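File shown: input_33.txt (compact mmCIF, C-alpha atoms).
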# COMPACT_ATOMS: atom_id res chain seq x y z
CA MET A 1 117.77 107.38 92.94
CA SER A 2 120.70 105.83 94.73
CA ALA A 3 122.33 105.28 98.11
CA ASP A 4 122.30 109.00 98.94
CA VAL A 5 118.51 109.10 99.25
CA TRP A 6 116.66 108.64 102.54
CA LEU A 7 113.30 106.89 102.88
CA VAL A 8 111.22 108.31 105.74
CA VAL A 9 108.05 106.32 106.44
CA GLY A 10 105.26 107.39 108.78
CA LEU A 11 103.00 104.67 110.09
CA GLY A 12 99.25 104.96 110.48
CA ASN A 13 95.95 103.63 109.22
CA PRO A 14 94.29 105.01 106.08
CA GLY A 15 91.06 106.96 106.08
CA PRO A 16 89.50 109.88 107.95
CA SER A 17 88.07 107.77 110.79
CA TYR A 18 91.64 107.02 111.97
CA ALA A 19 93.16 110.47 111.34
CA GLY A 20 93.30 111.64 114.98
CA ASN A 21 94.22 108.25 116.50
CA ARG A 22 97.37 107.72 118.54
CA HIS A 23 98.30 104.99 116.04
CA ASN A 24 98.45 107.69 113.33
CA ALA A 25 101.21 109.76 114.95
CA GLY A 26 103.55 108.70 112.12
CA PHE A 27 101.20 110.10 109.47
CA MET A 28 100.91 113.38 111.42
CA VAL A 29 104.70 113.76 111.51
CA LEU A 30 105.02 113.00 107.78
CA ASP A 31 102.46 115.71 106.99
CA VAL A 32 104.71 118.24 108.76
CA LEU A 33 107.76 116.96 106.86
CA ALA A 34 105.83 117.21 103.58
CA GLY A 35 105.17 120.88 104.29
CA ARG A 36 108.88 121.43 104.88
CA ALA A 37 109.80 119.58 101.68
CA GLY A 38 107.36 121.81 99.82
CA GLY A 39 105.38 119.14 98.05
CA ARG A 40 102.29 116.97 98.00
CA PHE A 41 101.90 113.26 98.48
CA LYS A 42 101.05 111.34 95.31
CA ALA A 43 99.88 107.75 94.91
CA HIS A 44 102.70 105.27 94.19
CA LYS A 45 102.37 101.76 92.78
CA ALA A 46 103.90 100.45 96.03
CA ARG A 47 100.54 101.02 97.81
CA ALA A 48 101.77 104.19 99.49
CA ASP A 49 101.45 107.94 99.15
CA VAL A 50 104.88 109.33 98.33
CA LEU A 51 106.58 112.72 98.11
CA GLU A 52 110.07 113.11 96.66
CA GLY A 53 111.90 116.19 97.87
CA ARG A 54 114.67 117.58 100.05
CA LEU A 55 115.03 117.91 103.81
CA ALA A 56 118.09 119.31 105.55
CA GLY A 57 119.79 119.46 102.14
CA ALA A 58 119.36 115.72 101.52
CA ARG A 59 117.23 113.90 98.98
CA VAL A 60 114.30 112.20 100.71
CA VAL A 61 111.33 110.08 99.84
CA LEU A 62 108.53 110.62 102.34
CA ALA A 63 105.97 107.82 102.43
CA LYS A 64 102.68 106.92 104.10
CA PRO A 65 101.60 103.33 103.38
CA ARG A 66 97.98 103.06 102.18
CA THR A 67 97.59 99.67 103.86
CA TYR A 68 96.46 99.11 107.42
CA MET A 69 99.18 99.25 110.06
CA ASN A 70 99.69 95.49 110.31
CA GLU A 71 100.42 95.29 106.56
CA SER A 72 102.91 98.20 106.38
CA GLY A 73 105.84 95.93 105.50
CA GLY A 74 104.83 95.26 101.89
CA PRO A 75 104.73 98.92 100.85
CA VAL A 76 107.91 99.75 102.82
CA LYS A 77 109.86 96.92 101.17
CA ALA A 78 108.51 97.84 97.72
CA LEU A 79 109.58 101.47 98.20
CA ARG A 80 112.99 100.49 99.57
CA ASP A 81 113.54 98.28 96.53
CA PHE A 82 112.13 100.83 94.04
CA TYR A 83 114.30 103.69 95.32
CA LYS A 84 117.27 101.41 96.15
CA VAL A 85 117.54 102.76 99.69
CA PRO A 86 119.94 100.91 102.02
CA VAL A 87 118.35 99.92 105.34
CA GLU A 88 120.62 102.32 107.25
CA ARG A 89 118.87 105.21 105.41
CA LEU A 90 115.35 104.03 106.28
CA ILE A 91 113.58 105.95 109.07
CA VAL A 92 110.25 104.73 110.43
CA VAL A 93 108.16 107.16 112.50
CA HIS A 94 105.66 105.38 114.76
CA ASP A 95 103.63 105.60 117.95
CA GLU A 96 105.19 103.96 121.02
CA LEU A 97 103.31 102.79 124.13
CA ASP A 98 106.46 102.42 126.25
CA VAL A 99 107.44 106.07 125.82
CA PRO A 100 105.32 108.63 127.72
CA PHE A 101 103.36 111.23 125.79
CA GLY A 102 105.58 114.26 125.25
CA ALA A 103 108.77 112.21 124.89
CA LEU A 104 110.62 110.88 121.84
CA ARG A 105 113.14 108.10 121.56
CA LEU A 106 115.41 107.56 118.57
CA LYS A 107 117.13 104.27 117.90
CA ARG A 108 118.39 101.85 115.30
CA GLY A 109 117.13 98.28 115.31
CA GLY A 110 115.58 96.39 118.16
CA GLY A 111 112.40 94.39 118.50
CA ASP A 112 108.87 95.36 117.55
CA ASN A 113 107.64 95.55 121.17
CA GLY A 114 104.22 94.31 120.08
CA HIS A 115 103.85 97.01 117.41
CA ASN A 116 102.22 95.33 114.41
CA GLY A 117 103.52 97.90 111.93
CA LEU A 118 107.12 97.35 113.00
CA ARG A 119 106.62 93.58 113.05
CA SER A 120 105.34 93.69 109.45
CA ILE A 121 108.22 95.91 108.27
CA THR A 122 110.91 93.78 109.94
CA LYS A 123 109.40 90.59 108.49
CA SER A 124 109.12 92.05 104.97
CA LEU A 125 112.63 93.53 104.98
CA GLY A 126 114.23 90.55 106.72
CA ASP A 127 116.17 93.21 108.63
CA LYS A 128 115.45 95.18 111.81
CA GLU A 129 118.38 97.61 111.64
CA TYR A 130 116.39 100.59 110.37
CA LEU A 131 116.13 103.87 112.28
CA ARG A 132 113.07 104.61 114.37
CA VAL A 133 111.49 107.79 115.66
CA ARG A 134 109.41 106.49 118.57
CA PHE A 135 106.61 109.00 119.26
CA GLY A 136 105.47 108.52 122.84
CA VAL A 137 101.76 107.91 123.39
CA GLY A 138 102.09 106.38 126.87
CA ARG A 139 100.36 103.37 128.37
CA PRO A 140 96.57 102.90 128.37
CA PRO A 141 94.77 103.85 131.56
CA GLY A 142 93.60 101.15 133.95
CA ARG A 143 92.94 97.86 132.23
CA MET A 144 92.21 99.26 128.79
CA ASP A 145 93.48 97.06 126.00
CA ALA A 146 96.57 98.52 124.29
CA ALA A 147 95.09 97.88 120.81
CA ALA A 148 91.94 99.81 121.74
CA PHE A 149 94.00 102.62 123.27
CA VAL A 150 96.11 103.29 120.16
CA LEU A 151 92.95 103.32 118.00
CA LYS A 152 91.48 106.15 120.08
CA ASP A 153 92.09 109.83 119.41
CA PHE A 154 94.52 111.74 121.59
CA SER A 155 92.87 113.09 124.75
CA ALA A 156 91.79 116.72 125.06
CA ALA A 157 94.79 117.44 127.32
CA GLU A 158 97.17 115.74 124.87
CA ARG A 159 95.69 117.63 121.90
CA LYS A 160 96.79 120.91 123.53
CA GLU A 161 100.42 119.75 123.16
CA LEU A 162 100.04 117.53 120.11
CA GLU A 163 101.05 120.02 117.42
CA PHE A 164 104.23 120.89 119.35
CA GLU A 165 105.09 117.20 119.82
CA VAL A 166 104.45 116.37 116.15
CA VAL A 167 106.73 119.24 115.06
CA ARG A 168 109.39 118.04 117.52
CA ALA A 169 109.21 114.52 116.05
CA ALA A 170 109.56 116.00 112.55
CA ASP A 171 112.63 117.91 113.79
CA ALA A 172 114.03 114.62 115.13
CA ALA A 173 113.54 112.85 111.79
CA GLU A 174 115.31 115.73 110.03
CA ALA A 175 118.15 115.57 112.57
CA LEU A 176 118.61 111.86 111.82
CA VAL A 177 119.06 112.76 108.14
CA SER A 178 121.37 115.73 108.69
CA GLU A 179 123.34 114.84 111.83
CA GLY A 180 123.06 111.09 112.38
CA LEU A 181 121.69 108.99 115.23
CA GLU A 182 124.05 109.86 118.07
CA ALA A 183 123.89 113.63 117.59
CA ALA A 184 120.07 113.51 117.22
CA GLN A 185 119.75 111.40 120.39
CA ASN A 186 121.86 113.93 122.31
CA VAL A 187 119.35 116.64 121.42
CA PHE A 188 116.02 114.81 121.57
CA HIS A 189 116.63 112.49 124.52
CA ALA A 190 117.56 115.36 126.84
CA GLY A 191 115.01 116.09 129.52
Could you quickly redo this structure as structure tokens?
Amino acid sequence: MSADVWLVVGLGNPGPSYAGNRHNAGFMVLDVLAGRAGGRFKAHKARADVLEGRLAGARVVLAKPRTYMNESGGPVKALRDFYKVPVERLIVVHDELDVPFGALRLKRGGGDNGHNGLRSITKSLGDKEYLRVRFGVGRPPGRMDAAAFVLKDFSAAERKELEFEVVRAADAAEALVSEGLEAAQNVFHAG
């Protein structure tokens, strides 16, 4: 593959005990994208599950690292190198505490904002200028620790809207591929 391929990575933690956690929003979005690309994830030597396909007419590699969140950088760098994807065609889908549940924010670059998955990716790549789909999970209630909050499942009220929000985030990732950052922001930041 070459520079015309996109690498779309969803962040989460492996295993069924984490499947419904807020921290696994990235995996949930990638599962929707996999359905659209019409394929199945397969194990890759980069310590990730990978699906090669097409979205919005473009060649994509969808990936879910098989490491824990705080070690996501190794698999992401290995996949970027293996598929020769330039950093401007890397999209990372992740949960975001500073965005309320039901909202998305799209951006290129920036800090990790305490997100261990982003910190690991930026350190491994030596570059923070990748695209991000920030899936809002909101702040923890009261004095709950943020780390404990993201490792809990979505609330019953949130689960009623979760499928819609996951599909919307998948739409946003596709829009980044097909239309670019500014056009996608104009659609998904409205409201």
Residues at most 12 Å from stretch 39-45 of chain A, counting all atoms listed in the file, excluding those fewer than 2 positions away in the same chain, as a short mmCIF file (atom, residue, chain, number, x, y, z; two decimals) with C-alpha atoms, keeping the file's coordinate frame?
data_model
loop_
_atom_site.label_atom_id
_atom_site.label_comp_id
_atom_site.auth_asym_id
_atom_site.auth_seq_id
_atom_site.Cartn_x
_atom_site.Cartn_y
_atom_site.Cartn_z
CA PHE A 27 101.20 110.10 109.47
CA LEU A 30 105.02 113.00 107.78
CA ASP A 31 102.46 115.71 106.99
CA VAL A 32 104.71 118.24 108.76
CA LEU A 33 107.76 116.96 106.86
CA ALA A 34 105.83 117.21 103.58
CA GLY A 35 105.17 120.88 104.29
CA ARG A 36 108.88 121.43 104.88
CA ALA A 37 109.80 119.58 101.68
CA ARG A 47 100.54 101.02 97.81
CA ALA A 48 101.77 104.19 99.49
CA ASP A 49 101.45 107.94 99.15
CA VAL A 50 104.88 109.33 98.33
CA LEU A 51 106.58 112.72 98.11
CA GLU A 52 110.07 113.11 96.66
CA GLY A 53 111.90 116.19 97.87
CA ARG A 54 114.67 117.58 100.05
CA LEU A 55 115.03 117.91 103.81
CA VAL A 60 114.30 112.20 100.71
CA VAL A 61 111.33 110.08 99.84
CA LEU A 62 108.53 110.62 102.34
CA ALA A 63 105.97 107.82 102.43
CA LYS A 64 102.68 106.92 104.10
CA PRO A 65 101.60 103.33 103.38
CA ARG A 66 97.98 103.06 102.18
CA GLY A 74 104.83 95.26 101.89
CA PRO A 75 104.73 98.92 100.85
CA VAL A 76 107.91 99.75 102.82
CA ALA A 78 108.51 97.84 97.72
CA LEU A 79 109.58 101.47 98.20
CA PHE A 82 112.13 100.83 94.04
CA TYR A 83 114.30 103.69 95.32
#
Residues of stretch 21-46 of chain A that approach stretch 116-140 of chain A to 12 Å or less, counting all atoms listed in the file: could you list each one with the shortest pair of atoms and its distance in Å to one decimal, rows by chain and increasing residue number, as CSV?
residue,atom,partner,partner_atom,distance
A:Asn21,CA,A:Val137,CA,10.2
A:Arg22,CA,A:Val137,CA,6.5
A:His23,CA,A:Val137,CA,8.6
A:Asn24,CA,A:Phe135,CA,10.2
A:Ala25,CA,A:Phe135,CA,7.0
A:Gly26,CA,A:Phe135,CA,7.8
A:Phe27,CA,A:Phe135,CA,11.2
A:Met28,CA,A:Phe135,CA,10.6
A:Val29,CA,A:Phe135,CA,9.3
A:Leu30,CA,A:Val133,CA,11.4
Just the number, please: distance in Å from atom CA of A:Leu90 to atom CA of A:Gly57, one decimal. 16.6 Å
Closest to A:Val9 among A:Ala170, A:Leu162, A:Ala184, A:Ala146, using only C-alpha atoms?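 The answer is A:Ala170, which sits nearest to A:Val9.
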At most 6 Å from (121.3, 117.7, 105.2), file frame, all atoms listed in the file: which residues, as a PDB file with C-alpha atoms, in the coordinates of the input?
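Dumped everything to point.pdb:
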ATOM      1  CA  ALA A  56     118.090 119.310 105.550  1.00  0.00           C
ATOM      2  CA  GLY A  57     119.790 119.460 102.140  1.00  0.00           C
ATOM      3  CA  ALA A  58     119.360 115.720 101.520  1.00  0.00           C
ATOM      4  CA  SER A 178     121.370 115.730 108.690  1.00  0.00           C
TER       5      SER A 178
END
Under the rule that all atoms listed in the file are counted, which of A:Met69, A:Asp81, A:Val93, A:Leu106 is the nearest residue to A:Ala183?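 Answer, going by the shortest atom-to-atom distance: A:Leu106.
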Please enclose the listed atoms of stretch 143-149 of chain A in an axis-aligned box, pad each side by 3 Å, and write out the centre and the three edge lengths in Å, rounded to one decimal, as lines of an AutoDock Vina configuration file.
center_x = 94.3
center_y = 99.8
center_z = 126.5
size_x = 10.6
size_y = 11.6
size_z = 17.4
Rank nothing, just name the residue among A:Gly180, A:His189, A:Val92, A:Phe101 nearest to A:Lys160, using only C-alpha atoms.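 Going through A:Gly180, A:His189, A:Val92, A:Phe101 one by one, the smallest distance to A:Lys160 is for A:Phe101.
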Which residue is closest to A:Gly12? Choose from A:Asp112, A:Glu88, A:Asp145, A:Asp95 and count all atoms listed in the file.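 Counting all atoms listed in the file, the residue closest to A:Gly12 is A:Asp95.
Proximity ranking of A:Arg168, A:Arg159, A:Lys152, A:His94 relative to A:Tyr18 places A:Lys152 first, based on only C-alpha atoms.
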Nearest to A:Ser17, chosen from A:Arg89, A:Asn186, A:Glu163, A:Asp153, with all atoms listed in the file counted in the distances: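 Ranked by minimum distance to A:Ser17, first place goes to A:Asp153.
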